[in-house]
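Asks: What follows is run26.pdb, PDB, C-alpha atoms.
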```
ATOM      1  CA  MET E   1      98.680  89.908  43.535
ATOM      2  CA  VAL E   2      99.959  91.858  46.545
ATOM      3  CA  LYS E   3     100.519  89.763  49.653
ATOM      4  CA  LEU E   4     101.558  90.866  53.114
ATOM      5  CA  ARG E   5     104.461  88.958  54.604
ATOM      6  CA  ASP E   6     107.063  89.282  57.324
ATOM      7  CA  TYR E   7     110.111  91.398  56.562
ATOM      8  CA  ARG E   8     113.306  89.570  55.554
ATOM      9  CA  VAL E   9     116.827  90.996  55.808
ATOM     10  CA  GLU E  10     117.189  90.802  52.019
ATOM     11  CA  ASP E  11     114.304  93.323  51.763
ATOM     12  CA  GLN E  12     116.385  96.090  53.346
ATOM     13  CA  ASP E  13     117.498  97.954  50.220
ATOM     14  CA  ALA E  14     114.057  97.783  48.627
ATOM     15  CA  VAL E  15     112.272  98.879  51.807
ATOM     16  CA  VAL E  16     114.592 101.782  52.604
ATOM     17  CA  THR E  17     114.531 103.000  49.002
ATOM     18  CA  LEU E  18     110.713 102.820  48.978
ATOM     19  CA  TRP E  19     110.602 104.645  52.334
ATOM     20  CA  TRP E  20     112.840 107.423  50.982
ATOM     21  CA  ARG E  21     110.947 107.729  47.687
ATOM     22  CA  SER E  22     107.508 107.673  49.297
ATOM     23  CA  TRP E  23     108.448 110.193  52.008
ATOM     24  CA  HIS E  24     109.791 112.578  49.384
ATOM     25  CA  SER E  25     106.604 112.245  47.311
ATOM     26  CA  ILE E  26     104.432 113.753  50.078
ATOM     27  CA  ARG E  27     104.581 117.160  48.425
ATOM     28  CA  PRO E  28     106.657 118.820  45.713
ATOM     29  CA  GLY E  29     109.943 120.212  46.970
ATOM     30  CA  LEU E  30     109.971 118.261  50.248
ATOM     31  CA  ARG E  31     113.526 117.171  51.049
ATOM     32  CA  HIS E  32     114.722 115.410  54.176
ATOM     33  CA  PRO E  33     117.869 116.900  55.730
ATOM     34  CA  GLN E  34     119.489 113.477  56.223
ATOM     35  CA  PRO E  35     120.989 111.527  53.311
ATOM     36  CA  LEU E  36     119.676 108.141  52.214
ATOM     37  CA  ALA E  37     122.658 106.447  53.910
ATOM     38  CA  ALA E  38     121.423 107.737  57.278
ATOM     39  CA  TRP E  39     118.030 106.161  56.598
ATOM     40  CA  HIS E  40     119.757 102.810  56.005
ATOM     41  CA  THR E  41     121.578 103.195  59.319
ATOM     42  CA  ARG E  42     118.365 104.090  61.168
ATOM     43  CA  TRP E  43     116.515 101.192  59.557
ATOM     44  CA  ALA E  44     119.134  98.591  60.445
ATOM     45  CA  GLY E  45     119.934  99.919  63.920
ATOM     46  CA  ASP E  46     116.747 101.445  65.288
ATOM     47  CA  ILE E  47     113.804  99.840  63.518
ATOM     48  CA  VAL E  48     114.479  96.251  62.478
ATOM     49  CA  PRO E  49     115.959  95.020  65.778
ATOM     50  CA  TRP E  50     113.080  96.329  67.913
ATOM     51  CA  GLN E  51     109.971  96.443  65.767
ATOM     52  CA  THR E  52     107.661  94.127  63.885
ATOM     53  CA  VAL E  53     107.925  94.827  60.171
ATOM     54  CA  VAL E  54     105.594  93.594  57.464
ATOM     55  CA  VAL E  55     106.003  94.204  53.749
ATOM     56  CA  ALA E  56     103.511  94.298  50.909
ATOM     57  CA  ASP E  57     104.999  92.073  48.222
ATOM     58  CA  ASP E  58     103.775  92.216  44.627
ATOM     59  CA  GLU E  59     105.238  89.087  43.061
ATOM     60  CA  GLY E  60     108.721  89.739  44.434
ATOM     61  CA  THR E  61     108.624  93.531  44.452
ATOM     62  CA  VAL E  62     108.170  95.374  47.740
ATOM     63  CA  VAL E  63     105.401  97.954  47.237
ATOM     64  CA  GLY E  64     104.721  98.913  50.841
ATOM     65  CA  PHE E  65     105.673  98.265  54.443
ATOM     66  CA  ALA E  66     104.709  98.989  58.012
ATOM     67  CA  ALA E  67     106.798  98.919  61.186
ATOM     68  CA  THR E  68     105.173  98.635  64.590
ATOM     69  CA  ASP E  69     106.584  99.028  68.056
ATOM     70  CA  VAL E  70     104.010  96.802  69.702
ATOM     71  CA  SER E  71     105.307  97.326  73.247
ATOM     72  CA  ALA E  72     104.944 101.112  72.852
ATOM     73  CA  GLY E  73     101.618 100.863  71.000
ATOM     74  CA  GLU E  74     102.963 102.790  68.027
ATOM     75  CA  LEU E  75     102.806 102.364  64.280
ATOM     76  CA  THR E  76     106.166 103.981  63.618
ATOM     77  CA  GLN E  77     106.290 103.685  59.829
ATOM     78  CA  ILE E  78     103.752 103.016  57.100
ATOM     79  CA  PHE E  79     104.615 103.742  53.494
ATOM     80  CA  VAL E  80     103.403 102.673  50.065
ATOM     81  CA  GLU E  81     105.260 102.988  46.779
ATOM     82  CA  PRO E  82     103.921 106.189  45.157
ATOM     83  CA  GLY E  83     102.803 104.378  41.996
ATOM     84  CA  HIS E  84     100.766 101.917  44.089
ATOM     85  CA  LYS E  85      98.893 104.392  46.260
ATOM     86  CA  GLY E  86      95.130 104.086  46.025
ATOM     87  CA  GLU E  87      95.250 100.292  45.599
ATOM     88  CA  GLY E  88      94.277  99.436  49.179
ATOM     89  CA  ILE E  89      97.786  98.455  50.281
ATOM     90  CA  GLY E  90      97.923 101.088  53.028
ATOM     91  CA  GLY E  91      94.558  99.935  54.346
ATOM     92  CA  ARG E  92      95.779  96.362  54.533
ATOM     93  CA  LEU E  93      98.917  97.477  56.372
ATOM     94  CA  LEU E  94      96.780  99.477  58.816
ATOM     95  CA  ALA E  95      94.549  96.447  59.374
ATOM     96  CA  ARG E  96      97.630  94.386  60.220
ATOM     97  CA  ALA E  97      98.721  97.030  62.743
ATOM     98  CA  LYS E  98      95.262  96.936  64.316
ATOM     99  CA  ARG E  99      95.529  93.158  64.691
ATOM    100  CA  LEU E 100      98.998  93.452  66.263
ATOM    101  CA  MET E 101      97.834  96.169  68.667
ATOM    102  CA  PRO E 102      94.141  95.428  69.382
ATOM    103  CA  ASP E 103      94.081  97.799  72.360
ATOM    104  CA  GLY E 104      94.886 100.714  70.067
ATOM    105  CA  PHE E 105      97.958 102.534  68.849
ATOM    106  CA  ARG E 106      99.227 105.928  67.831
ATOM    107  CA  LEU E 107     101.113 107.156  64.807
ATOM    108  CA  HIS E 108     102.582 110.418  63.609
ATOM    109  CA  THR E 109     102.519 111.960  60.165
ATOM    110  CA  LEU E 110     103.583 115.241  58.663
ATOM    111  CA  THR E 111     100.781 117.775  58.977
ATOM    112  CA  ASP E 112     100.988 118.508  55.251
ATOM    113  CA  ASN E 113     100.734 114.824  54.323
ATOM    114  CA  LEU E 114      97.122 115.347  53.320
ATOM    115  CA  ASP E 115      96.665 112.119  51.356
ATOM    116  CA  SER E 116      97.749 109.988  54.314
ATOM    117  CA  ARG E 117      95.665 112.009  56.741
ATOM    118  CA  ARG E 118      92.558 111.446  54.579
ATOM    119  CA  SER E 119      93.373 107.749  54.351
ATOM    120  CA  TYR E 120      93.774 107.436  58.114
ATOM    121  CA  GLU E 121      90.367 109.042  58.626
ATOM    122  CA  ARG E 122      88.774 106.678  56.069
ATOM    123  CA  HIS E 123      90.203 103.754  58.034
ATOM    124  CA  GLY E 124      88.813 104.922  61.351
ATOM    125  CA  LEU E 125      91.853 106.591  62.889
ATOM    126  CA  ILE E 126      91.273 109.866  64.669
ATOM    127  CA  PRO E 127      93.524 112.881  64.964
ATOM    128  CA  GLY E 128      94.366 113.251  68.604
ATOM    129  CA  GLY E 129      97.345 115.471  69.059
ATOM    130  CA  GLY E 130      95.429 118.719  69.259
ATOM    131  CA  PRO E 131      97.040 122.039  68.395
ATOM    132  CA  ASP E 132     100.294 121.083  70.130
ATOM    133  CA  GLN E 133     100.743 117.861  68.133
ATOM    134  CA  PRO E 134      98.594 117.990  64.997
ATOM    135  CA  ASP E 135     100.648 115.136  63.549
ATOM    136  CA  GLN E 136      99.509 112.531  66.101
ATOM    137  CA  TRP E 137      96.748 110.011  65.264
ATOM    138  CA  TYR E 138      95.076 107.227  67.193
ATOM    139  CA  GLY E 139      93.667 103.941  65.979
ATOM    140  CA  ASP E 140      91.831 101.114  67.634
TER     141      ASP E 140
END
```
Show this structure as structure tokens.
Replies:
Amino acid sequence: MVKLRDYRVEDQDAVVTLWWRSWHSIRPGLRHPQPLAAWHTRWAGDIVPWQTVVVADDEGTVVGFAATDVSAGELTQIFVEPGHKGEGIGGRLLARAKRLMPDGFRLHTLTDNLDSRRSYERHGLIPGGGPDQPDQWYGD
């Protein structure tokens, strides 16, 4: 049974590894120019200290997470373990973001992240960046 809970410092390795794996599963051949170690540094220095992070926990295994910068009205990260996509975890994480930011929020995604874009539309988010920022979405 997957439960959403607050992030704990001992989740760091699992969350960053999931983030890396899920990002790289967006499409075949996609490779980020920064190494995994840089993602750990960004996570610990730029995300955790300033954002609200929730994880999807499946009996002790992290299978998804979302990070929100509530003061900026932004869902900065939302990722689900590739083998758990389609199970409603992303929708639950989005619902949590909506509760944290009831006046609305924005998020960005890669333009070729078609699965996520379809999911965002199913959950009521709207693309709002226009031709200059096709990666920007809005939720309320």
Asks: Name the residues that the PyMOL selection byres ((chain E and resi 82-86) around 12) picks from the file above, as a VMD selection string, using the file's chain letters and numbers.
Replies: chain E and resid 2 17 to 27 56 to 58 61 to 64 78 to 81 87 to 92 115 to 116 118 to 119
Asks: With only C-alpha atoms as the atoms that count, which of E:Leu30, E:Leu75, E:Val48, E:Leu93 lies nearest to E:Thr109?
Replies: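 Nearest to E:Thr109: E:Leu75.
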Asks: Ranking E:Lys98, E:His123, E:His40, E:Arg31 by minimum distance to E:Thr68 and counting only C-alpha atoms, which one comes first?
Replies: E:Lys98
Asks: Can you measure atom CA of E:Asn113 to atom CA of E:Ala67 for me? One decimal in Å is fine.
Replies: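 Value for the atom CA of E:Asn113-atom CA of E:Ala67 distance: 18.4 Å.
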Asks: Expand the PyMOL selection byres ((chain E and resi 43) around 12) into the explicit residue set it covers here, and present it as a tab-separated table (two decimals) with C-alpha atoms, in the frame of the given file.
Replies:
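Once everything was written out, this is selection.tsv:
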```tsv
chain	number	residue	atom	x	y	z
E	9	VAL	CA	116.83	91.00	55.81
E	11	ASP	CA	114.30	93.32	51.76
E	12	GLN	CA	116.38	96.09	53.35
E	13	ASP	CA	117.50	97.95	50.22
E	14	ALA	CA	114.06	97.78	48.63
E	15	VAL	CA	112.27	98.88	51.81
E	16	VAL	CA	114.59	101.78	52.60
E	17	THR	CA	114.53	103.00	49.00
E	19	TRP	CA	110.60	104.64	52.33
E	20	TRP	CA	112.84	107.42	50.98
E	36	LEU	CA	119.68	108.14	52.21
E	37	ALA	CA	122.66	106.45	53.91
E	38	ALA	CA	121.42	107.74	57.28
E	39	TRP	CA	118.03	106.16	56.60
E	40	HIS	CA	119.76	102.81	56.00
E	41	THR	CA	121.58	103.20	59.32
E	42	ARG	CA	118.36	104.09	61.17
E	44	ALA	CA	119.13	98.59	60.44
E	45	GLY	CA	119.93	99.92	63.92
E	46	ASP	CA	116.75	101.44	65.29
E	47	ILE	CA	113.80	99.84	63.52
E	48	VAL	CA	114.48	96.25	62.48
E	49	PRO	CA	115.96	95.02	65.78
E	50	TRP	CA	113.08	96.33	67.91
E	51	GLN	CA	109.97	96.44	65.77
E	53	VAL	CA	107.92	94.83	60.17
E	67	ALA	CA	106.80	98.92	61.19
E	76	THR	CA	106.17	103.98	63.62
E	77	GLN	CA	106.29	103.68	59.83
```
Asks: Between E:Ile126, E:Val70, E:Val54, E:Leu110, which is the closest to E:Arg96 once you count all atoms listed in the file?
Replies: E:Val54
Asks: Spell out the residues picked by the PyMOL selection byres ((chain E and resi 5) around 6) here, as a list in words.
Replies: Leu4, Asp6, Val54 and Val55 of chain E
Asks: Could you state the separation of atom CA of E:Leu100 and atom CA of E:Arg122 in Å, given to one decimal place?
Replies: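 Result for atom CA of E:Leu100 versus atom CA of E:Arg122: 19.6 Å, one decimal.
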Asks: Enter the distance from atom CA of E:Ala66 to atom CA of E:Leu94, in Å, rounded to one decimal.
Replies: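 Those two atoms sit 8.0 Å apart.
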Asks: Around all of stretch 31-34 of chain E's listed atoms, make the axis-aligned box with 8 Å on each side and tell me centre and edge lengths in Å to one decimal, as AutoDock Vina command-line options.
Replies:
```
--center_x 116.5 --center_y 115.3 --center_z 53.6 --size_x 22.0 --size_y 19.7 --size_z 21.2
```
Asks: Ranking E:Gln34, E:Glu74, E:Gly29, E:Ala95 by minimum distance to E:Gly124 and counting all atoms listed in the file, which one comes first?
Replies: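 Ranked by minimum distance to E:Gly124, first place goes to E:Ala95.
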